[in-house]
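Asker: My structure file structure_31.cif, mmCIF, C-alpha atoms, is below:
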```cif
data_structure
loop_
_atom_site.label_atom_id
_atom_site.label_comp_id
_atom_site.auth_asym_id
_atom_site.auth_seq_id
_atom_site.Cartn_x
_atom_site.Cartn_y
_atom_site.Cartn_z
CA MET A 1 0.00 0.00 0.00
CA ILE A 2 1.71 3.18 -1.17
CA PHE A 3 0.60 6.68 -0.34
CA ASN A 4 -0.94 8.41 -3.36
CA ALA A 5 0.50 11.89 -3.24
CA ASP A 6 -1.33 13.23 -6.29
CA GLU A 7 -4.71 12.42 -4.88
CA ALA A 8 -3.84 14.17 -1.62
CA HIS A 9 -2.45 17.16 -3.53
CA ASN A 10 -5.72 17.67 -5.39
CA ILE A 11 -7.81 17.31 -2.26
CA VAL A 12 -5.79 19.85 -0.32
CA LYS A 13 -5.63 22.35 -3.18
CA GLU A 14 -9.40 22.29 -3.42
CA CYS A 15 -9.76 22.89 0.32
CA ILE A 16 -7.41 25.87 0.26
CA GLU A 17 -9.26 27.41 -2.68
CA ASN A 18 -12.54 26.98 -0.84
CA VAL A 19 -11.34 28.72 2.29
CA LEU A 20 -8.91 31.37 1.10
CA GLY A 21 -10.22 31.85 -2.42
CA LYS A 22 -10.50 35.56 -3.01
CA ALA A 23 -9.76 36.76 0.51
CA ASP A 24 -7.06 39.23 1.48
CA TYR A 25 -4.89 38.78 4.53
CA ASN A 26 -6.86 39.62 7.64
CA HIS A 27 -5.18 39.15 10.99
CA ASN A 28 -8.46 38.52 12.81
CA LYS A 29 -9.56 35.77 10.50
CA VAL A 30 -6.31 33.89 10.01
CA ASN A 31 -6.84 31.53 12.94
CA GLN A 32 -10.24 30.62 11.59
CA TRP A 33 -8.84 30.04 8.12
CA THR A 34 -5.99 27.78 9.15
CA ALA A 35 -8.33 25.74 11.32
CA ALA A 36 -10.85 25.44 8.49
CA ILE A 37 -8.23 24.43 5.90
CA VAL A 38 -6.78 21.79 8.16
CA GLU A 39 -10.12 20.35 9.25
CA GLN A 40 -11.56 20.21 5.76
CA SER A 41 -8.42 18.58 4.34
CA LEU A 42 -8.49 15.99 7.08
CA THR A 43 -12.17 15.18 6.53
CA HIS A 44 -11.65 14.73 2.81
CA LEU A 45 -8.57 12.59 3.31
CA VAL A 46 -10.47 10.34 5.68
CA LYS A 47 -13.17 9.87 3.06
CA LEU A 48 -10.58 8.09 0.90
CA GLY A 49 -11.01 5.19 3.28
CA LYS A 50 -7.34 4.19 3.46
CA THR A 51 -5.75 2.75 6.59
CA TYR A 52 -3.60 5.75 7.38
CA LYS A 53 -3.12 8.12 10.28
CA TYR A 54 -2.86 11.67 8.94
CA ILE A 55 -1.02 14.77 10.15
CA VAL A 56 -1.86 17.99 8.32
CA THR A 57 0.00 21.25 9.02
CA CYS A 58 -0.79 24.61 7.53
CA ALA A 59 1.23 27.82 7.62
CA VAL A 60 -0.28 31.09 6.42
CA MET A 61 1.94 34.12 6.11
CA GLN A 62 1.35 37.69 5.08
CA ARG A 63 3.28 38.74 1.98
CA SER A 64 5.65 41.44 2.99
CA GLY A 65 8.80 40.52 1.17
CA ALA A 66 10.28 38.44 3.99
CA GLY A 67 11.67 35.00 3.23
CA LEU A 68 10.26 31.75 4.56
CA HIS A 69 11.63 28.19 4.53
CA THR A 70 9.98 25.01 5.69
CA ALA A 71 11.63 21.63 6.06
CA SER A 72 10.60 18.31 7.49
CA SER A 73 12.25 15.02 8.21
CA CYS A 74 10.44 11.82 9.06
CA PHE A 75 11.36 8.61 10.78
CA TRP A 76 9.03 6.00 9.33
CA ASP A 77 8.55 3.12 6.93
CA THR A 78 9.35 4.54 3.51
CA THR A 79 7.53 1.79 1.63
CA THR A 80 4.11 2.58 3.07
CA ASP A 81 4.23 6.12 4.46
CA GLY A 82 4.37 9.32 2.48
CA THR A 83 4.02 13.06 2.41
CA CYS A 84 2.63 15.75 0.16
CA THR A 85 3.17 19.52 0.19
CA VAL A 86 0.92 22.12 -1.40
CA ARG A 87 2.00 25.73 -1.89
CA TRP A 88 -0.59 28.37 -2.67
CA GLU A 89 -0.41 32.14 -2.83
CA ASN A 90 -2.38 35.17 -3.77
CA ARG A 91 -1.64 38.85 -3.79
CA THR A 92 -1.50 39.31 -0.03
CA MET A 93 -0.58 35.97 1.49
CA ASN A 94 1.27 32.68 1.17
CA CYS A 95 -0.06 29.33 2.32
CA ILE A 96 1.89 26.09 2.73
CA VAL A 97 0.10 22.87 3.65
CA ASN A 98 1.90 19.60 4.48
CA VAL A 99 0.17 16.27 4.65
CA PHE A 100 1.96 13.36 6.34
CA ALA A 101 0.37 9.93 6.09
CA VAL A 102 1.54 7.17 8.43
CA ALA A 103 0.35 3.64 7.72
CA ILE A 104 -1.25 1.43 10.30
CA ILE A 105 -1.56 -2.32 10.27
CA LEU A 106 -5.01 -3.57 11.13
CA MET B 1 30.95 -3.29 -6.90
CA ALA B 2 29.71 -2.19 -10.27
CA GLU B 3 27.26 -5.05 -10.35
CA GLN B 4 25.33 -3.75 -7.38
CA SER B 5 22.13 -2.29 -8.72
CA PHE B 6 21.10 1.23 -7.83
CA PRO B 7 17.53 0.23 -6.93
CA GLU B 8 19.01 -2.28 -4.55
CA MET B 9 21.17 0.38 -2.95
CA ALA B 10 18.08 2.47 -2.39
CA LEU B 11 16.30 -0.60 -1.03
CA LEU B 12 19.18 -1.36 1.33
CA ALA B 13 19.15 2.21 2.58
CA GLN B 14 15.40 1.97 3.10
CA VAL B 15 15.78 -1.34 4.79
CA VAL B 16 18.42 -0.05 7.17
CA ALA B 17 16.08 2.77 8.08
CA GLU B 18 13.17 0.36 8.38
CA ASP B 19 15.24 -1.96 10.47
CA SER B 20 15.38 0.49 13.30
CA THR B 21 11.59 0.62 13.44
CA GLU B 22 11.14 -3.14 13.66
CA ALA B 23 11.23 -5.10 16.89
CA PRO B 24 14.53 -6.86 17.62
CA SER B 25 12.92 -10.29 17.28
CA PHE B 26 12.67 -9.68 13.54
CA ARG B 27 16.36 -10.28 12.91
CA THR B 28 16.50 -13.88 14.08
CA GLY B 29 13.23 -14.65 12.35
CA GLY B 30 14.50 -13.26 9.07
CA ARG B 31 17.63 -15.35 8.95
CA GLY B 32 16.01 -18.67 9.63
CA SER B 33 13.70 -18.47 6.68
CA GLN B 34 14.43 -17.83 3.06
CA PRO B 35 17.05 -15.14 2.86
CA THR B 36 15.14 -12.00 2.08
CA ALA B 37 16.40 -8.62 1.04
CA PRO B 38 16.18 -7.14 4.56
CA ALA B 39 18.13 -10.04 6.05
CA ARG B 40 20.81 -9.46 3.52
CA GLY B 41 21.02 -5.85 4.55
CA THR B 42 21.59 -6.65 8.20
CA GLU B 43 23.97 -9.54 7.71
CA ASP B 44 26.69 -7.97 5.66
CA SER B 45 27.63 -4.56 4.48
CA LYS B 46 29.49 -5.89 1.43
CA PRO B 47 27.57 -7.31 -1.52
CA PRO B 48 27.14 -11.08 -1.08
CA PRO B 49 29.54 -13.32 -3.01
CA LEU B 50 28.34 -14.50 -6.39
CA LEU B 51 28.90 -18.17 -5.65
CA SER B 52 26.30 -19.00 -3.01
CA ARG B 53 23.05 -20.82 -2.48
CA ARG B 54 21.31 -17.47 -2.31
CA ASN B 55 21.55 -16.95 -6.03
CA SER B 56 19.82 -20.19 -6.82
CA ILE B 57 16.96 -19.42 -4.41
CA LEU B 58 16.41 -15.88 -5.54
CA SER B 59 16.86 -16.16 -9.27
CA ARG B 60 13.70 -16.89 -11.15
CA ARG B 61 15.11 -17.14 -14.65
CA SER B 62 18.48 -18.09 -15.98
CA SER B 63 20.66 -15.07 -15.84
CA PHE B 64 23.52 -14.29 -18.08
CA GLY B 65 26.99 -14.07 -16.63
CA MET B 66 26.21 -14.96 -13.03
CA ILE B 67 27.96 -18.35 -13.18
CA PRO B 68 31.48 -17.82 -11.93
CA GLY B 69 34.19 -18.85 -14.30
CA SER B 70 32.08 -18.09 -17.33
CA ARG B 71 32.76 -15.37 -19.80
CA ARG B 72 32.32 -11.98 -18.09
CA PRO B 73 29.84 -9.93 -20.08
CA SER B 74 31.04 -6.58 -21.31
CA ILE B 75 30.00 -3.45 -19.46
CA GLY B 76 26.72 -2.16 -20.79
CA PRO B 77 23.77 -0.28 -19.38
CA TRP B 78 22.17 -3.47 -18.14
CA MET B 79 25.28 -4.31 -16.16
CA PHE B 80 23.99 -2.08 -13.37
CA HIS B 81 21.30 -4.60 -12.57
CA ARG B 82 22.15 -7.76 -10.71
CA ARG B 83 19.74 -9.92 -12.63
CA VAL B 84 19.50 -9.81 -16.39
CA SER B 85 17.17 -11.78 -18.58
CA PHE B 86 18.29 -13.47 -21.75
CA SER B 87 16.99 -10.62 -23.87
CA GLY B 88 19.27 -8.21 -22.04
CA LEU B 89 16.59 -6.40 -20.11
CA PRO B 90 16.95 -6.11 -16.34
CA ILE B 91 14.83 -8.27 -14.08
CA LEU B 92 13.51 -6.11 -11.28
CA GLN B 93 13.49 -8.01 -8.01
CA PRO B 94 10.18 -7.74 -6.17
CA ILE B 95 10.45 -6.15 -2.75
CA LEU B 96 10.19 -9.12 -0.41
CA LYS B 97 7.94 -8.33 2.53
CA THR B 98 9.07 -9.64 5.90
CA ARG B 99 6.54 -11.36 8.08
CA LEU B 100 6.76 -10.44 11.73
CA GLY B 101 5.61 -12.54 14.64
CA ASN B 102 2.51 -11.41 16.48
CA THR B 103 3.36 -9.48 19.63
CA TYR B 104 -0.27 -9.27 20.84
CA ARG B 105 0.26 -5.69 21.94
CA MET B 106 -2.51 -3.12 21.59
CA GLY B 107 -0.62 -0.07 22.78
CA PRO B 108 2.73 1.02 24.17
CA GLU B 109 3.95 -0.38 27.48
CA GLU B 110 3.20 1.35 30.79
CA GLY B 111 5.26 4.48 31.15
CA CYS B 112 6.49 4.22 27.58
CA LYS B 113 4.33 6.89 25.99
CA PHE B 114 5.31 9.97 24.05
CA ASN B 115 6.42 12.43 26.73
CA VAL B 116 5.41 15.87 25.52
CA GLU B 117 7.27 18.00 28.09
CA ARG B 118 10.50 16.11 27.63
CA VAL B 119 10.44 16.41 23.86
CA GLN B 120 9.48 20.08 24.08
CA ARG B 121 12.46 20.81 26.33
CA VAL B 122 14.76 19.00 23.92
CA LEU B 123 13.36 21.01 20.99
CA GLU B 124 13.74 24.32 22.78
CA GLY B 125 17.28 23.53 23.83
CA THR B 126 18.33 22.40 20.36
CA LEU B 127 16.78 25.40 18.61
CA ALA B 128 18.37 27.85 21.01
CA SER B 129 21.82 26.37 20.69
CA ALA B 130 21.67 25.94 16.92
CA LEU B 131 20.20 29.32 15.99
CA GLU B 132 21.60 31.55 18.73
CA SER B 133 23.89 33.64 16.60
CA THR B 134 22.57 32.83 13.14
CA VAL B 135 21.63 35.59 10.76
CA TYR B 136 18.99 35.04 8.09
CA SER B 137 20.31 34.76 4.53
CA PRO B 138 18.22 33.67 1.52
CA GLN B 139 20.78 31.17 0.20
CA GLY B 140 21.97 29.82 3.50
CA SER B 141 18.64 29.36 5.20
CA ALA B 142 17.31 26.62 2.94
CA PRO B 143 20.07 24.13 3.80
CA LEU B 144 19.95 25.39 7.37
CA ALA B 145 16.29 24.47 7.68
CA GLN B 146 16.97 20.99 6.30
CA SER B 147 19.90 20.32 8.59
CA LEU B 148 17.87 21.64 11.50
CA THR B 149 15.09 19.11 10.92
CA GLU B 150 17.58 16.29 10.75
CA LEU B 151 19.26 17.46 13.92
CA LEU B 152 15.95 17.80 15.75
CA GLN B 153 14.88 14.39 14.58
CA SER B 154 18.02 12.72 15.85
CA ARG B 155 17.69 14.47 19.22
CA ALA B 156 14.02 13.58 19.48
CA LYS B 157 14.77 9.93 18.69
CA GLN B 158 16.97 9.75 21.76
CA VAL B 159 14.18 10.71 24.14
CA VAL B 160 11.19 9.15 22.41
CA PRO B 161 10.30 5.55 23.39
CA PRO B 162 10.64 2.74 20.81
CA ARG B 163 7.88 1.85 18.34
CA TYR B 164 7.13 5.51 17.62
CA LYS B 165 7.27 6.96 14.12
CA LEU B 166 8.32 10.62 14.07
CA VAL B 167 7.42 13.49 11.80
CA CYS B 168 9.57 16.54 12.39
CA HIS B 169 8.60 19.85 10.76
CA VAL B 170 10.47 23.18 10.86
CA VAL B 171 9.37 26.59 9.61
CA LEU B 172 12.20 29.10 9.36
CA GLY B 173 11.65 32.69 8.29
CA GLN B 174 13.05 36.15 8.19
CA GLN B 175 12.02 38.46 10.98
CA GLY B 176 10.06 41.26 9.35
CA GLN B 177 6.86 43.14 9.92
CA GLN B 178 4.67 40.24 8.89
CA SER B 179 2.65 37.83 10.94
CA LEU B 180 2.48 34.09 10.56
CA VAL B 181 0.18 31.37 11.83
CA VAL B 182 1.15 27.69 11.83
CA ALA B 183 -1.64 25.20 12.55
CA SER B 184 -1.81 21.42 12.49
CA ARG B 185 -4.47 18.80 12.94
CA ALA B 186 -4.09 15.07 13.01
CA LEU B 187 -6.24 12.01 12.69
CA TRP B 188 -4.72 9.50 15.09
CA ASP B 189 -5.10 7.66 18.35
CA PRO B 190 -5.19 10.44 20.99
CA GLU B 191 -4.20 8.10 23.82
CA ASN B 192 -0.91 7.02 22.31
CA ASP B 193 0.01 9.68 19.77
CA SER B 194 0.97 13.25 20.46
CA PHE B 195 3.09 16.17 19.36
CA ALA B 196 5.45 18.75 20.82
CA SER B 197 6.40 22.14 19.45
CA ALA B 198 8.80 24.95 20.24
CA THR B 199 9.60 28.37 18.82
CA PHE B 200 12.70 30.51 18.71
CA SER B 201 13.31 34.03 17.48
CA ASN B 202 16.16 36.49 17.39
CA ALA B 203 16.66 39.82 15.67
CA SER B 204 16.88 38.47 12.13
CA LEU B 205 14.97 35.20 12.05
CA PHE B 206 12.36 33.07 13.71
CA ALA B 207 11.84 29.31 13.76
CA VAL B 208 8.90 27.07 14.65
CA ALA B 209 9.62 23.36 15.19
CA THR B 210 7.04 20.59 15.65
CA VAL B 211 7.57 16.90 16.27
CA HIS B 212 4.60 14.52 15.93
CA GLY B 213 4.95 11.03 17.39
CA VAL B 214 2.74 8.25 16.04
CA TYR B 215 2.66 4.83 17.70
CA PHE B 216 3.16 1.92 15.35
CA GLU B 217 2.62 -1.72 16.18
#
```
Please, can you express the file's structure as structure tokens?
Answerer:
Amino acid sequence: MIFNADEAHNIVKECIENVLGKADYNHNKVNQWTAAIVEQSLTHLVKLGKTYKYIVTCAVMQRSGAGLHTASSCFWDTTTDGTCTVRWENRTMNCIVNVFAVAIIL
Amino acid sequence: MAEQSFPEMALLAQVVAEDSTEAPSFRTGGRGSQPTAPARGTEDSKPPPLLSRRNSILSRRSSFGMIPGSRRPSIGPWMFHRRVSFSGLPILQPILKTRLGNTYRMGPEEGCKFNVERVQRVLEGTLASALESTVYSPQGSAPLAQSLTELLQSRAKQVVPPRYKLVCHVVLGQQGQQSLVVASRALWDPENDSFASATFSNASLFAVATVHGVYFE
């Protein structure tokens, strides 16, 4: 059982578009947005029905010319577990979503 | 050795990494049965000798040039693969799955759970010592972020109990007038799995590190 990264990529991209869509960066709403993106992505991933535990992280940053780097390293079974990263941006903000899928044996 | 195939090297590297996640009982079990790829990885670091029983068990078709003493085939693109069919195309070995004995465990042992405070202290300490006097630079920060995750992962492994898979995530950015929110949600077993996070900032950069621990049986 191998993690299908493309499927996850499409799911997450759709969720981000739904939530952030045409919005501009708004400090009061950012918490709501990140929570919504993460929850929706998780619900859709679960609907795939695969035997995976999921970890979804989302970082939303205002575009002000500053640089940002993200990195991750994982200690797991490379044959069954996988990850997928989605980058999205608009005029006023950047959004990076990581999905980590860890297999379980039933 | 030139004959060692590149996919096998990747498999061996995977297997060595996998090895550390498996229970110790796996090693003796693996050797007794048919020699599988993982067993080969743990037994010797050199490629196994050509003349051995192993070849006859593993090879499915007659391969060209594997019989010692025969004419050595000339170096060609297929030479990189250990097994070659008569037509000259490489035979890709299937990844042999090891079968582990049943441990009858449902969760981690008593007192062996993911300790959030301990891991958080380790993260804070590592971030502070690694980034204390670092200045943000666009070229240097990308490799810095990568090496930081690897460092954090190795430190976390030392304090995390066995049978836990780790996901370590670092966000490193330039300190400016912007704001940033990092959120994460997980679908897992809340009794056994958890996460720890720590932040660090100085005049020129900030860093957010998270380590998620997932129990695997």
Asker: May I ask which of the residues B:Ser87, B:Glu117, B:His169, B:Phe216 is the closest one to Asp77 of chain A, counting all atoms listed in the file?
Answerer: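 Of all the options, B:Phe216 lies closest to Asp77 of chain A.
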Asker: Go through B:Gly111, B:Ser184, B:Ala203, B:Ser129 and flag the residue nearest Ala35 of chain A, using all atoms listed in the file for the distances.
Answerer: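 Going through B:Gly111, B:Ser184, B:Ala203, B:Ser129 one by one, the smallest distance to Ala35 of chain A is for B:Ser184.
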Asker: Between atom CA of Ile96 of chain A and atom CA of Arg163 of chain B, what distance in Å does the model show, to one decimal?
Answerer: 29.4 Å
Asker: Residues of chain B within 9 Å of chain A, counting all atoms listed in the file - could you list those as number ranges by chain?
Answerer: B: 14-15, 17-18, 21, 136-138, 141-142, 145-150, 152-153, 157, 164-189, 212, 214, 216-217
Asker: Mind writing the picked residues with C-alpha atoms as a PDB file, in the frame of the given file?
Answerer:
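Wrote again_34.pdb, looks like this:
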```pdb
ATOM      1  CA  GLN B  14      15.400   1.970   3.100  1.00  0.00           C
ATOM      2  CA  VAL B  15      15.780  -1.340   4.790  1.00  0.00           C
ATOM      3  CA  ALA B  17      16.080   2.770   8.080  1.00  0.00           C
ATOM      4  CA  GLU B  18      13.170   0.360   8.380  1.00  0.00           C
ATOM      5  CA  THR B  21      11.590   0.620  13.440  1.00  0.00           C
ATOM      6  CA  TYR B 136      18.990  35.040   8.090  1.00  0.00           C
ATOM      7  CA  SER B 137      20.310  34.760   4.530  1.00  0.00           C
ATOM      8  CA  PRO B 138      18.220  33.670   1.520  1.00  0.00           C
ATOM      9  CA  SER B 141      18.640  29.360   5.200  1.00  0.00           C
ATOM     10  CA  ALA B 142      17.310  26.620   2.940  1.00  0.00           C
ATOM     11  CA  ALA B 145      16.290  24.470   7.680  1.00  0.00           C
ATOM     12  CA  GLN B 146      16.970  20.990   6.300  1.00  0.00           C
ATOM     13  CA  SER B 147      19.900  20.320   8.590  1.00  0.00           C
ATOM     14  CA  LEU B 148      17.870  21.640  11.500  1.00  0.00           C
ATOM     15  CA  THR B 149      15.090  19.110  10.920  1.00  0.00           C
ATOM     16  CA  GLU B 150      17.580  16.290  10.750  1.00  0.00           C
ATOM     17  CA  LEU B 152      15.950  17.800  15.750  1.00  0.00           C
ATOM     18  CA  GLN B 153      14.880  14.390  14.580  1.00  0.00           C
ATOM     19  CA  LYS B 157      14.770   9.930  18.690  1.00  0.00           C
ATOM     20  CA  TYR B 164       7.130   5.510  17.620  1.00  0.00           C
ATOM     21  CA  LYS B 165       7.270   6.960  14.120  1.00  0.00           C
ATOM     22  CA  LEU B 166       8.320  10.620  14.070  1.00  0.00           C
ATOM     23  CA  VAL B 167       7.420  13.490  11.800  1.00  0.00           C
ATOM     24  CA  CYS B 168       9.570  16.540  12.390  1.00  0.00           C
ATOM     25  CA  HIS B 169       8.600  19.850  10.760  1.00  0.00           C
ATOM     26  CA  VAL B 170      10.470  23.180  10.860  1.00  0.00           C
ATOM     27  CA  VAL B 171       9.370  26.590   9.610  1.00  0.00           C
ATOM     28  CA  LEU B 172      12.200  29.100   9.360  1.00  0.00           C
ATOM     29  CA  GLY B 173      11.650  32.690   8.290  1.00  0.00           C
ATOM     30  CA  GLN B 174      13.050  36.150   8.190  1.00  0.00           C
ATOM     31  CA  GLN B 175      12.020  38.460  10.980  1.00  0.00           C
ATOM     32  CA  GLY B 176      10.060  41.260   9.350  1.00  0.00           C
ATOM     33  CA  GLN B 177       6.860  43.140   9.920  1.00  0.00           C
ATOM     34  CA  GLN B 178       4.670  40.240   8.890  1.00  0.00           C
ATOM     35  CA  SER B 179       2.650  37.830  10.940  1.00  0.00           C
ATOM     36  CA  LEU B 180       2.480  34.090  10.560  1.00  0.00           C
ATOM     37  CA  VAL B 181       0.180  31.370  11.830  1.00  0.00           C
ATOM     38  CA  VAL B 182       1.150  27.690  11.830  1.00  0.00           C
ATOM     39  CA  ALA B 183      -1.640  25.200  12.550  1.00  0.00           C
ATOM     40  CA  SER B 184      -1.810  21.420  12.490  1.00  0.00           C
ATOM     41  CA  ARG B 185      -4.470  18.800  12.940  1.00  0.00           C
ATOM     42  CA  ALA B 186      -4.090  15.070  13.010  1.00  0.00           C
ATOM     43  CA  LEU B 187      -6.240  12.010  12.690  1.00  0.00           C
ATOM     44  CA  TRP B 188      -4.720   9.500  15.090  1.00  0.00           C
ATOM     45  CA  ASP B 189      -5.100   7.660  18.350  1.00  0.00           C
ATOM     46  CA  HIS B 212       4.600  14.520  15.930  1.00  0.00           C
ATOM     47  CA  VAL B 214       2.740   8.250  16.040  1.00  0.00           C
ATOM     48  CA  PHE B 216       3.160   1.920  15.350  1.00  0.00           C
ATOM     49  CA  GLU B 217       2.620  -1.720  16.180  1.00  0.00           C
TER      50      GLU B 217
END
```
Asker: Around (13.5, 29.4, 17.5) in the file's frame, which residues reach within 7 Å when counting all atoms listed in the file? Return as a PyMOL selection string?
Answerer: chain B and resi 127-128+131+199-201+206-208
Asker: Could you tell me how far atom CA of Thr85 of chain A sits from atom CA of Ala23 of chain A, in Å to one decimal place?
Answerer: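 These two atoms are separated by 21.6 Å.
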Asker: Please list as a ChimeraX atom specification every residue within 6 Å of segment 1-9 of chain A, counting only C-alpha atoms and excluding residues in the same chain fewer than 2 positions away.
Answerer: /A:11-12,80,82,84
Asker: Take the residues from that selection and write them out as a CSV table (one decimal), in the coordinates of the input, keeping C-alpha atoms.
Answerer:
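Printed below is result-v1.csv as written:
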```csv
chain,number,residue,atom,x,y,z
A,11,ILE,CA,-7.8,17.3,-2.3
A,12,VAL,CA,-5.8,19.8,-0.3
A,80,THR,CA,4.1,2.6,3.1
A,82,GLY,CA,4.4,9.3,2.5
A,84,CYS,CA,2.6,15.8,0.2
```
Asker: Just the number, please: distance in Å from atom CA of Val19 of chain A to atom CA of Phe195 of chain B, one decimal.
Answerer: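 Computing the Euclidean distance for atom CA of Val19 of chain A and atom CA of Phe195 of chain B yields 25.6 Å.
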